[in-house]
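So the structure is just underneath, and the comments pick up after that.
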4 protein chains.
Amino acid sequence: VDLNADVGEGFGTYALTDDAGLLAVVTSANVACGFHGGDPATIARCCALAVRHGVRLGAHVGLRDLHGFGRRRMEVTAAALEEEAAYQVGALVGVARGSGVEVAHLKPHGALYAMAAEDPGKAEALAAAAARAAPVPLALVGPAGSALEDAAAAAGLRFLAEGFADRGYAADGRLLARDRPGALLVGADAAAQARSIALDGVATTAAGTPVVIRAETLCVHGDGQHAVATAAAVRDALRAAGVDVAAPA
Amino acid sequence: VDLNADVGEGFGTYALTDDAGLLAVVTSANVACGFHGGDPATIARCCALAVRHGVRLGAHVGLRDLHGFGRRRMEVTAAALEEEAAYQVGALVGVARGSGVEVAHLKPHGALYAMAAEDPGKAEALAAAAARAAPVPLALVGPAGSALEDAAAAAGLRFLAEGFADRGYAADGRLLARDRPGALLVGADAAAQARSIALDGVATTAAGTPVVIRAETLCVHGDGQHAVATAAAVRDALRAAGVDVAAPA
Amino acid sequence: VDLNADVGEGFGTYALTDDAGLLAVVTSANVACGFHGGDPATIARCCALAVRHGVRLGAHVGLRDLHGFGRRRMEVTAAALEEEAAYQVGALVGVARGSGVEVAHLKPHGALYAMAAEDPGKAEALAAAAARAAPVPLALVGPAGSALEDAAAAAGLRFLAEGFADRGYAADGRLLARDRPGALLVGADAAAQARSIALDGVATTAAGTPVVIRAETLCVHGDGQHAVATAAAVRDALRAAGVDVAAPA
Amino acid sequence: VDLNADVGEGFGTYALTDDAGLLAVVTSANVACGFHGGDPATIARCCALAVRHGVRLGAHVGLRDLHGFGRRRMEVTAAALEEEAAYQVGALVGVARGSGVEVAHLKPHGALYAMAAEDPGKAEALAAAAARAAPVPLALVGPAGSALEDAAAAAGLRFLAEGFADRGYAADGRLLARDRPGALLVGADAAAQARSIALDGVATTAAGTPVVIRAETLCVHGDGQHAVATAAAVRDALRAAGVDVAAPA
């Protein structure tokens, strides 16, 4: 299984993610592209770290909302979204050329992740950007069974189904809202959920019921003070269980 | 001689340049990349227009100052500038792939144009971005004899010396500040200056003295209500004088 | 009846509204406060014009979305909205002190206007900001019968019911979406609708049916090339019909 | 002597200063107003904390440069600066009304602090904003003997000469640049410098020579992981030396 984290989410003086720590642990990294967070200098640092650690690089495409960190829904047409995503992908590619690293996937961020998982028009817009904005078509990352998976298939793109090691699931397979009890898992709890998803394809809800989670890549969140420790705990637990933790070929 | 204009300088609801009008006249276009102006939807429209009219496309890279439209100097380190430029070039390339058009040159905008013409460190930062951030190395556009010309040579990049059809020159070959009398030329005045530069390599200062201007590309500004008419007058005057108005090969 | 327009919607180099033209015609002006448009220099110019022409000044409070010009819905909590509105009102008051003009009302802009008209929580947030953020409590401007009217009453604020001279109405009394036929009225059409609302309290839908519109203030939009001419046509038509066009006491 | 800190410098998800910790220690606080950092929700939290701890509130006015955190010089005319400062002061006042706390002083931030200390035109612009943008004229905070002191005198404003507890001084009484050895003092070093300035009006340069520092208020910086501990060490050292640590009357 692949282990991915969102990195490069600072902006100017503001830091959010421990990029050096995370990129030493994960096998794939989703780099913020300047809309919900991130800036060229931060991107360049993440690219250099990705090269050093052999981490697979992706574009973490977000809504144009730095103040809300891309976590609140806002109206955007599919046509505008396609160009906004192409801009962000291209910007990452442009900076990444300085490190000689290729961009391999596109993962929407925050509210856009949820919007594109539900809305075929937005999912197709992201797929169109993924298909054209980089030198090679990008894989799309999203929830299994979502509109993103359909859009990837329709566009002939690889799709990477994503599960979350450190977020609680509801009985319908969706993530619990961040302000709900059990929504955020750290350390051993995250490691246990990662192992369960990777080995059995199942997570356990706060109510104790199992829920099927199909995942080729597992996300650990990069913000929060326990992020690197949780990522390392997840990786170590997976390896201890015999799981091959590696980026997709 | 090449005839270039700055286009795509709007932002969201705000329009500044008549992109459809300009791209029907010029042979090269410098597209704002989102820092001093411009946004993905505007870039996409400009790219489509460039394809339709066979216009050569370049990245108009600016300072991160939307409110000041990139026209005021601000401190930026060479290292930061290189990444900010690579980001902008890459973003344009990413959007332009949707139209199948290549990005061929990089021209700094506003205060950055003046800063990079004077400052070898900033010129080298732009040259480094031009050399690496797009699939092929970009030509650099700037004043003849400037630090940009030196930096292009050192980086092995093509350099396109630029003259201005619609801006008055001082005796030292620099542009008059925008608030000085004679700083802005329109219509027949701009056409006459363009012809003089293209045929004789000379412009005439407000004081009536000649000043040598070496130029492979002539700029007509895109903002201002007379922009398209002036651009057409310049093109027509050049052609009437037997000048081949065409983008560089 | 009061005649109001949205003014000061430019940003830096970008202009949108003919502020000098509009402020010579209307009796109230809603000044953009920097979130969806507007900036301190533009605000200062509008305040000086308001003093010269005796125009009543209000805060045109918008969502934090310059690129979308505040016209697209985005999530915002009531608590955050109250502070964002207080910030904008205070900013306008701070600049307006330079002209010695008082801020008298608060009118939400664009998507926020629609959101606050429907959502009691957001309407109460705006009323709370109107009640506290300026030296004197501000009147609230919004559609008759909306959540804004209720919130103003609950907060002890004056409410000014607003009708639109230059926007078409649906049968339910709502504005037609901007992309629908008949959504935007200019010149004599706007003047006729203004007169009908002012004299009879009735507008006519695109389908020809009457719809009751209660309005103490009539809005003419400030953006668009016909804005000043339409505003003047509305004012002249109202006066010709014997209506006293004046700001509320 | 007064002990002041810059607070409220976060933006949305991004945090920078431990506002709760700092406001429990200092006697005056300079609140970021949204241009170099800060936002309405953060301002509101700082105002509530200031009320709880009896801290004197000031506007920390910055350049329009969130990405550079207001720390890099950029061109701004005096006329524009006056309105940008009035906007920021008014915005803080508008939010602060919700806590019933008054704004008492204006302190420029970062590069603007240095620019206004040197340049009479910019100092006068800030003084003009301080004199008019709040319900009562604000005191100006800046270096003793600077253009800000002159501008305050000319405008009839109170001036509060500021020394720095945690920044090293050069022999000419200026602060060492942040990247120089000895530029940043923490803990006991900052406490010792504060005591020396408060009791003797003298600081010691890195070279060991004394430099006269006249200060009615001492600044401890709010960013950096040692900020609160350093602020407390400074306060405790001053009190232990018999200095009355209190905001100006």
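Every chain in the structure tokens takes a letter, A first, then B, and so on in the order presented; its residues are numbered from 1, and the ligands are numbered from 1 following the presented order.
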
Specify as an MDAnalysis selection string all residues of chain B found within 12 Å of chain D, counting only C-alpha atoms.
chainID B and resid 35 63:68 70:77 80 84 111

Write out as a PyMOL selection string the residues lying within 8 Å of Asp223 of chain A, counting only C-alpha atoms and excluding same-chain residues fewer than 3 positions away.
chain A and resi 16-18+227

Output of the above residues as a CSV table (one decimal), in the first residue's frame, restricted to N, CA and C atoms:
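Result went into selection15.csv, see below:
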chain,number,residue,atom,x,y,z
A,16,LEU,N,2.8,25.2,8.4
A,16,LEU,CA,1.7,24.4,8.8
A,16,LEU,C,2.1,22.9,8.9
A,17,THR,N,2.8,22.5,8.0
A,17,THR,CA,3.2,21.1,7.9
A,17,THR,C,4.7,20.9,8.1
A,18,ASP,N,5.1,19.9,8.8
A,18,ASP,CA,6.5,19.6,9.0
A,18,ASP,C,7.0,18.8,7.8
A,227,ALA,N,1.5,14.9,13.6
A,227,ALA,CA,1.5,14.4,12.2
A,227,ALA,C,2.6,13.4,11.9

Using only C-alpha atoms, determine which residues lie at most 12 Å from Ser196 of chain D, disregarding the query and same-chain residues fewer than 2 positions distant; provide the list as a PDB file with N, CA and C atoms, in the first residue's frame.
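Heads up, here's the output in part17.pdb:
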ATOM      1  N   GLY D 163      11.866  50.973  22.756  1.00  0.00           N
ATOM      2  CA  GLY D 163      13.093  50.192  22.739  1.00  0.00           C
ATOM      3  C   GLY D 163      12.746  48.722  22.568  1.00  0.00           C
ATOM      4  N   PHE D 164      13.743  47.933  22.224  1.00  0.00           N
ATOM      5  CA  PHE D 164      13.500  46.508  21.995  1.00  0.00           C
ATOM      6  C   PHE D 164      14.269  45.680  23.016  1.00  0.00           C
ATOM      7  N   ALA D 165      13.536  44.881  23.754  1.00  0.00           N
ATOM      8  CA  ALA D 165      14.185  44.026  24.741  1.00  0.00           C
ATOM      9  C   ALA D 165      14.934  42.885  24.074  1.00  0.00           C
ATOM     10  N   ASP D 189      18.943  37.100  28.370  1.00  0.00           N
ATOM     11  CA  ASP D 189      19.610  38.164  27.613  1.00  0.00           C
ATOM     12  C   ASP D 189      18.650  39.315  27.331  1.00  0.00           C
ATOM     13  N   ALA D 190      17.448  38.959  26.938  1.00  0.00           N
ATOM     14  CA  ALA D 190      16.449  39.992  26.679  1.00  0.00           C
ATOM     15  C   ALA D 190      16.090  40.710  27.978  1.00  0.00           C
ATOM     16  N   ALA D 191      15.976  39.948  29.053  1.00  0.00           N
ATOM     17  CA  ALA D 191      15.633  40.556  30.346  1.00  0.00           C
ATOM     18  C   ALA D 191      16.708  41.547  30.776  1.00  0.00           C
ATOM     19  N   ALA D 192      17.965  41.171  30.574  1.00  0.00           N
ATOM     20  CA  ALA D 192      19.060  42.060  30.977  1.00  0.00           C
ATOM     21  C   ALA D 192      19.044  43.342  30.152  1.00  0.00           C
ATOM     22  N   GLN D 193      18.795  43.201  28.845  1.00  0.00           N
ATOM     23  CA  GLN D 193      18.754  44.403  28.005  1.00  0.00           C
ATOM     24  C   GLN D 193      17.578  45.298  28.393  1.00  0.00           C
ATOM     25  N   ALA D 194      16.458  44.689  28.701  1.00  0.00           N
ATOM     26  CA  ALA D 194      15.287  45.476  29.102  1.00  0.00           C
ATOM     27  C   ALA D 194      15.585  46.275  30.371  1.00  0.00           C
ATOM     28  N   ALA D 198      15.599  50.270  30.691  1.00  0.00           N
ATOM     29  CA  ALA D 198      14.617  50.895  31.577  1.00  0.00           C
ATOM     30  C   ALA D 198      15.289  51.687  32.702  1.00  0.00           C
ATOM     31  N   LEU D 199      16.356  51.136  33.254  1.00  0.00           N
ATOM     32  CA  LEU D 199      16.996  51.803  34.416  1.00  0.00           C
ATOM     33  C   LEU D 199      18.016  52.839  33.982  1.00  0.00           C
ATOM     34  N   ASP D 200      18.794  52.527  32.949  1.00  0.00           N
ATOM     35  CA  ASP D 200      19.929  53.377  32.602  1.00  0.00           C
ATOM     36  C   ASP D 200      19.801  54.059  31.241  1.00  0.00           C
ATOM     37  N   GLY D 201      18.777  53.658  30.475  1.00  0.00           N
ATOM     38  CA  GLY D 201      18.643  54.259  29.155  1.00  0.00           C
ATOM     39  C   GLY D 201      19.754  53.853  28.213  1.00  0.00           C
ATOM     40  N   VAL D 202      20.273  52.669  28.389  1.00  0.00           N
ATOM     41  CA  VAL D 202      21.430  52.230  27.628  1.00  0.00           C
ATOM     42  C   VAL D 202      21.278  50.748  27.260  1.00  0.00           C
ATOM     43  N   ALA D 203      21.650  50.403  26.042  1.00  0.00           N
ATOM     44  CA  ALA D 203      21.819  48.997  25.654  1.00  0.00           C
ATOM     45  C   ALA D 203      23.291  48.766  25.315  1.00  0.00           C
ATOM     46  N   THR D 204      23.655  47.511  25.182  1.00  0.00           N
ATOM     47  CA  THR D 204      25.051  47.187  24.864  1.00  0.00           C
ATOM     48  C   THR D 204      25.087  46.493  23.514  1.00  0.00           C
ATOM     49  N   PRO D 210      28.367  50.698  24.770  1.00  0.00           N
ATOM     50  CA  PRO D 210      27.034  51.141  25.161  1.00  0.00           C
ATOM     51  C   PRO D 210      26.421  52.042  24.085  1.00  0.00           C
ATOM     52  N   VAL D 211      25.098  51.987  23.975  1.00  0.00           N
ATOM     53  CA  VAL D 211      24.381  52.857  23.053  1.00  0.00           C
ATOM     54  C   VAL D 211      23.141  53.368  23.785  1.00  0.00           C
ATOM     55  N   VAL D 212      22.916  54.669  23.703  1.00  0.00           N
ATOM     56  CA  VAL D 212      21.788  55.289  24.411  1.00  0.00           C
ATOM     57  C   VAL D 212      20.473  54.931  23.723  1.00  0.00           C
ATOM     58  N   ILE D 213      19.535  54.421  24.480  1.00  0.00           N
ATOM     59  CA  ILE D 213      18.204  54.057  23.972  1.00  0.00           C
ATOM     60  C   ILE D 213      17.164  54.706  24.880  1.00  0.00           C
ATOM     61  N   ARG D 214      16.467  55.699  24.374  1.00  0.00           N
ATOM     62  CA  ARG D 214      15.382  56.323  25.123  1.00  0.00           C
ATOM     63  C   ARG D 214      14.088  55.565  24.820  1.00  0.00           C
ATOM     64  N   ALA D 215      13.423  55.069  25.837  1.00  0.00           N
ATOM     65  CA  ALA D 215      12.248  54.232  25.597  1.00  0.00           C
ATOM     66  C   ALA D 215      11.221  54.368  26.707  1.00  0.00           C
ATOM     67  N   LEU D 218       8.777  49.105  25.911  1.00  0.00           N
ATOM     68  CA  LEU D 218       9.748  48.087  25.488  1.00  0.00           C
ATOM     69  C   LEU D 218       9.011  46.986  24.742  1.00  0.00           C
ATOM     70  N   VAL D 234      11.301  39.126  30.879  1.00  0.00           N
ATOM     71  CA  VAL D 234      11.519  40.580  30.822  1.00  0.00           C
ATOM     72  C   VAL D 234      10.680  41.276  31.893  1.00  0.00           C
ATOM     73  N   ALA D 237      12.041  40.507  35.385  1.00  0.00           N
ATOM     74  CA  ALA D 237      13.314  41.180  35.654  1.00  0.00           C
ATOM     75  C   ALA D 237      13.098  42.665  35.921  1.00  0.00           C
ATOM     76  N   LEU D 238      12.188  43.275  35.157  1.00  0.00           N
ATOM     77  CA  LEU D 238      11.910  44.699  35.370  1.00  0.00           C
ATOM     78  C   LEU D 238      11.317  44.921  36.762  1.00  0.00           C
ATOM     79  N   ALA D 241      13.700  44.620  39.495  1.00  0.00           N
ATOM     80  CA  ALA D 241      14.587  45.785  39.583  1.00  0.00           C
ATOM     81  C   ALA D 241      13.841  47.029  40.051  1.00  0.00           C
ATOM     82  N   VAL D 243      11.143  48.414  38.662  1.00  0.00           N
ATOM     83  CA  VAL D 243      10.509  49.201  37.605  1.00  0.00           C
ATOM     84  C   VAL D 243       8.999  48.963  37.637  1.00  0.00           C
TER      85      VAL D 243
END

Across C:Arg195, C:Pro135, C:Asp166, C:Ala104, the smallest distance to Arg239 of chain C, with only C-alpha atoms counted, is shown by C:Arg195

Residues of segment 43-103 of chain D in helix (DSSP H, G or I) according to DSSP, as a PyMOL selection string?
chain D and resi 43-53+78-96

Emit the selected residues as a compact mmCIF listing (two decimals), in the first residue's frame, including N, CA, C and O atoms.
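What ended up in part08.txt:
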# COMPACT_ATOMS: atom_id res chain seq x y z
N ILE D 43 -8.47 39.19 15.38
CA ILE D 43 -8.56 40.49 16.04
C ILE D 43 -9.55 40.43 17.19
O ILE D 43 -9.28 40.91 18.30
N ALA D 44 -10.71 39.83 16.92
CA ALA D 44 -11.75 39.76 17.96
C ALA D 44 -11.26 38.97 19.17
O ALA D 44 -11.52 39.36 20.32
N ARG D 45 -10.55 37.89 18.94
CA ARG D 45 -10.00 37.13 20.07
C ARG D 45 -9.00 37.96 20.86
O ARG D 45 -9.00 37.94 22.10
N CYS D 46 -8.14 38.68 20.16
CA CYS D 46 -7.15 39.52 20.85
C CYS D 46 -7.84 40.63 21.66
O CYS D 46 -7.40 40.95 22.77
N CYS D 47 -8.88 41.20 21.12
CA CYS D 47 -9.59 42.27 21.84
C CYS D 47 -10.20 41.72 23.13
O CYS D 47 -10.12 42.35 24.19
N ALA D 48 -10.81 40.55 23.04
CA ALA D 48 -11.40 39.95 24.23
C ALA D 48 -10.34 39.65 25.28
O ALA D 48 -10.54 39.87 26.48
N LEU D 49 -9.19 39.16 24.83
CA LEU D 49 -8.09 38.88 25.75
C LEU D 49 -7.54 40.18 26.36
O LEU D 49 -7.17 40.23 27.54
N ALA D 50 -7.49 41.23 25.58
CA ALA D 50 -6.99 42.51 26.08
C ALA D 50 -7.89 43.04 27.18
O ALA D 50 -7.42 43.58 28.19
N VAL D 51 -9.20 42.89 26.98
CA VAL D 51 -10.14 43.32 28.02
C VAL D 51 -9.92 42.50 29.29
O VAL D 51 -9.83 43.05 30.40
N ARG D 52 -9.81 41.20 29.13
CA ARG D 52 -9.67 40.33 30.30
C ARG D 52 -8.43 40.68 31.12
O ARG D 52 -8.47 40.65 32.35
N HIS D 53 -7.34 41.00 30.43
CA HIS D 53 -6.08 41.23 31.12
C HIS D 53 -5.75 42.71 31.30
O HIS D 53 -4.67 43.04 31.78
N ALA D 78 2.77 58.39 -0.09
CA ALA D 78 2.28 58.86 1.20
C ALA D 78 0.76 58.94 1.21
O ALA D 78 0.11 58.58 2.19
N ALA D 79 0.18 59.38 0.11
CA ALA D 79 -1.28 59.52 0.06
C ALA D 79 -1.94 58.15 0.19
O ALA D 79 -2.92 57.99 0.93
N ALA D 80 -1.43 57.17 -0.53
CA ALA D 80 -2.00 55.82 -0.43
C ALA D 80 -1.79 55.25 0.96
O ALA D 80 -2.69 54.62 1.54
N LEU D 81 -0.61 55.49 1.50
CA LEU D 81 -0.31 54.95 2.83
C LEU D 81 -1.26 55.50 3.89
O LEU D 81 -1.71 54.77 4.77
N GLU D 82 -1.58 56.80 3.80
CA GLU D 82 -2.49 57.38 4.79
C GLU D 82 -3.84 56.66 4.77
O GLU D 82 -4.39 56.32 5.81
N GLU D 83 -4.35 56.39 3.57
CA GLU D 83 -5.66 55.72 3.49
C GLU D 83 -5.55 54.25 3.90
O GLU D 83 -6.45 53.71 4.55
N GLU D 84 -4.45 53.60 3.51
CA GLU D 84 -4.29 52.19 3.90
C GLU D 84 -4.19 52.07 5.44
O GLU D 84 -4.68 51.11 6.03
N ALA D 85 -3.53 53.06 6.07
CA ALA D 85 -3.44 53.04 7.52
C ALA D 85 -4.78 53.36 8.17
O ALA D 85 -5.17 52.74 9.16
N ALA D 86 -5.49 54.33 7.61
CA ALA D 86 -6.80 54.68 8.16
C ALA D 86 -7.75 53.49 8.07
O ALA D 86 -8.55 53.23 8.98
N TYR D 87 -7.67 52.78 6.97
CA TYR D 87 -8.50 51.58 6.78
C TYR D 87 -8.20 50.56 7.87
O TYR D 87 -9.11 50.00 8.50
N GLN D 88 -6.93 50.31 8.11
CA GLN D 88 -6.55 49.30 9.10
C GLN D 88 -6.94 49.72 10.52
O GLN D 88 -7.44 48.91 11.30
N VAL D 89 -6.69 50.98 10.84
CA VAL D 89 -7.08 51.47 12.17
C VAL D 89 -8.60 51.35 12.35
O VAL D 89 -9.09 50.84 13.36
N GLY D 90 -9.34 51.80 11.33
CA GLY D 90 -10.79 51.74 11.44
C GLY D 90 -11.29 50.32 11.56
O GLY D 90 -12.22 50.03 12.33
N ALA D 91 -10.69 49.41 10.82
CA ALA D 91 -11.10 48.01 10.89
C ALA D 91 -10.90 47.46 12.30
O ALA D 91 -11.77 46.77 12.84
N LEU D 92 -9.76 47.77 12.89
CA LEU D 92 -9.52 47.31 14.27
C LEU D 92 -10.53 47.93 15.22
O LEU D 92 -11.10 47.24 16.08
N VAL D 93 -10.77 49.24 15.06
CA VAL D 93 -11.76 49.90 15.92
C VAL D 93 -13.12 49.23 15.77
O VAL D 93 -13.82 48.99 16.76
N GLY D 94 -13.50 48.94 14.53
CA GLY D 94 -14.80 48.33 14.29
C GLY D 94 -14.97 46.99 14.98
O GLY D 94 -16.02 46.69 15.56
N VAL D 95 -13.93 46.17 14.93
CA VAL D 95 -14.00 44.87 15.60
C VAL D 95 -13.90 45.06 17.11
O VAL D 95 -14.63 44.41 17.88
N ALA D 96 -13.04 45.97 17.55
CA ALA D 96 -12.81 46.17 18.99
C ALA D 96 -14.06 46.67 19.71
O ALA D 96 -14.23 46.43 20.91

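Of the listed residues D:Ala117, D:Leu175, D:Leu138, D:Ala161, the one whose atoms come nearest to Arg56 of chain D is D:Leu138, with distances taken using only C-alpha atoms.
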
Which neighbours of Pro181 of chain C fall inside 10 Å, counting only C-alpha atoms, when residues of the same chain fewer than 5 positions from it are skipped, and could you give them as number ranges by chain?
C: 168, 176, 206

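The interatomic distance for the pair atom CA of Ala151 of chain A and atom CA of Ala127 of chain A works out to 6.1 Å.
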
Name the residues of segment 52-225 of chain B that fall into strand (DSSP E or B) according to DSSP on the backbone, using the chain letters and numbers of this document, as a CSV table (one decimal) with N, CA and C atoms, in the first residue's frame.
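Result file follows (result36.csv):
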chain,number,residue,atom,x,y,z
B,56,ARG,N,2.6,34.1,-31.2
B,56,ARG,CA,3.6,33.5,-30.4
B,56,ARG,C,3.3,33.8,-28.9
B,57,LEU,N,3.3,32.8,-28.0
B,57,LEU,CA,2.9,33.0,-26.6
B,57,LEU,C,4.1,33.1,-25.7
B,58,GLY,N,4.0,34.1,-24.8
B,58,GLY,CA,5.1,34.2,-23.7
B,58,GLY,C,4.5,34.4,-22.4
B,59,ALA,N,5.3,34.1,-21.4
B,59,ALA,CA,4.9,34.3,-20.0
B,59,ALA,C,5.3,35.7,-19.5
B,60,HIS,N,4.3,36.5,-19.1
B,60,HIS,CA,4.5,37.8,-18.6
B,60,HIS,C,4.6,37.7,-17.0
B,61,VAL,N,5.8,37.5,-16.6
B,61,VAL,CA,6.0,37.2,-15.1
B,61,VAL,C,6.1,38.5,-14.3
B,74,MET,N,9.4,46.1,-5.0
B,74,MET,CA,9.4,45.5,-3.7
B,74,MET,C,10.6,44.6,-3.6
B,103,VAL,N,4.6,27.7,-25.0
B,103,VAL,CA,5.1,29.0,-24.4
B,103,VAL,C,6.5,29.1,-24.9
B,104,ALA,N,6.8,30.3,-25.5
B,104,ALA,CA,8.1,30.5,-26.2
B,104,ALA,C,9.0,31.5,-25.5
B,105,HIS,N,8.5,32.4,-24.8
B,105,HIS,CA,9.4,33.4,-24.2
B,105,HIS,C,8.9,33.8,-22.8
B,106,LEU,N,9.8,34.5,-22.1
B,106,LEU,CA,9.5,35.1,-20.8
B,106,LEU,C,9.9,36.5,-20.8
B,107,LYS,N,8.9,37.4,-20.4
B,107,LYS,CA,9.1,38.8,-20.3
B,107,LYS,C,8.7,39.3,-19.0
B,108,PRO,N,9.6,39.9,-18.2
B,108,PRO,CA,9.1,40.4,-16.9
B,108,PRO,C,8.2,41.6,-17.1
B,139,ALA,N,13.0,32.0,-24.6
B,139,ALA,CA,13.7,33.2,-24.9
B,139,ALA,C,13.4,34.2,-23.8
B,140,LEU,N,14.4,35.1,-23.5
B,140,LEU,CA,14.2,36.2,-22.6
B,140,LEU,C,13.9,37.5,-23.4
B,141,VAL,N,13.0,38.3,-23.0
B,141,VAL,CA,12.7,39.6,-23.6
B,141,VAL,C,13.1,40.7,-22.6
B,142,GLY,N,13.8,41.7,-23.1
B,142,GLY,CA,14.2,42.8,-22.3
B,142,GLY,C,14.9,43.9,-23.1
B,159,PHE,N,17.9,35.8,-26.7
B,159,PHE,CA,17.5,37.1,-26.1
B,159,PHE,C,16.8,37.9,-27.2
B,160,LEU,N,15.7,38.5,-26.9
B,160,LEU,CA,15.0,39.3,-27.8
B,160,LEU,C,15.0,40.7,-27.3
B,161,ALA,N,15.8,41.6,-27.9
B,161,ALA,CA,15.9,43.0,-27.5
B,161,ALA,C,14.5,43.7,-27.8
B,162,GLU,N,14.0,44.4,-26.9
B,162,GLU,CA,12.7,45.0,-27.0
B,162,GLU,C,12.8,46.5,-27.1
B,163,GLY,N,12.0,47.1,-28.0
B,163,GLY,CA,11.8,48.5,-28.0
B,163,GLY,C,10.3,48.8,-27.8
B,164,PHE,N,10.0,50.0,-27.5
B,164,PHE,CA,8.6,50.4,-27.2
B,164,PHE,C,8.1,51.4,-28.2
B,167,ARG,N,5.9,54.3,-25.9
B,167,ARG,CA,6.4,55.0,-24.7
B,167,ARG,C,7.6,55.9,-25.1
B,169,TYR,N,11.1,57.9,-24.9
B,169,TYR,CA,12.4,57.6,-24.4
B,169,TYR,C,13.1,58.8,-23.9
B,175,LEU,N,13.0,54.4,-20.6
B,175,LEU,CA,11.7,54.9,-20.8
B,175,LEU,C,11.4,56.1,-19.8
B,184,LEU,N,3.6,58.7,-22.8
B,184,LEU,CA,2.7,57.7,-23.5
B,184,LEU,C,2.3,58.2,-24.9
B,202,VAL,N,16.5,53.9,-34.3
B,202,VAL,CA,16.6,55.2,-33.6
B,202,VAL,C,15.2,55.6,-33.1
B,203,ALA,N,15.1,56.2,-31.9
B,203,ALA,CA,13.9,56.9,-31.5
B,203,ALA,C,14.3,58.4,-31.2
B,204,THR,N,13.2,59.2,-31.1
B,204,THR,CA,13.5,60.6,-30.8
B,204,THR,C,13.0,61.0,-29.5
B,210,PRO,N,18.0,62.3,-31.1
B,210,PRO,CA,17.9,60.9,-31.4
B,210,PRO,C,18.5,60.0,-30.4
B,211,VAL,N,18.0,58.8,-30.1
B,211,VAL,CA,18.6,57.9,-29.2
B,211,VAL,C,18.5,56.5,-29.9
B,212,VAL,N,19.6,55.8,-29.8
B,212,VAL,CA,19.7,54.5,-30.5
B,212,VAL,C,18.9,53.4,-29.7
B,217,THR,N,11.9,43.1,-31.2
B,217,THR,CA,10.5,43.0,-30.9
B,217,THR,C,10.1,44.4,-30.4
B,218,LEU,N,8.9,44.9,-30.9
B,218,LEU,CA,8.4,46.2,-30.5
B,218,LEU,C,7.1,46.0,-29.7
B,219,CYS,N,7.1,46.6,-28.5
B,219,CYS,CA,5.9,46.5,-27.6
B,219,CYS,C,4.9,47.6,-27.8
B,220,VAL,N,3.7,47.2,-27.9
B,220,VAL,CA,2.5,48.1,-27.8
B,220,VAL,C,1.8,47.7,-26.5
B,223,ASP,N,-3.0,47.9,-22.1
B,223,ASP,CA,-4.0,48.6,-21.3
B,223,ASP,C,-4.2,50.0,-21.9

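Picture a line from atom CA of Ala229 of chain B to atom CA of Ala5 of chain B; it runs 12.5 Å.
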
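Proximity ranking of A:Ala133, A:Glu118, A:Gly224, A:Ala170 relative to Gly145 of chain A places A:Glu118 first, based on only C-alpha atoms.
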
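Here atom CA of Asp236 of chain A and atom CA of Glu9 of chain A stand 24.8 Å from one another.
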
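Of the residues under consideration (B:Val136, B:Gly37, B:Tyr113, B:Ala29), B:Gly37 shows the shortest atom-to-atom contact distance to Thr13 of chain B when counting only C-alpha atoms.
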
For Glu124 of chain C, list every protein, DNA or RNA residue within 10 Å, evaluated using only C-alpha atoms, and leave out those in the same chain fewer than 4 positions away; present the list as number ranges by chain.
C: 78-79, 81-82, 116, 119-120, 128-130, 147-152, 154-155
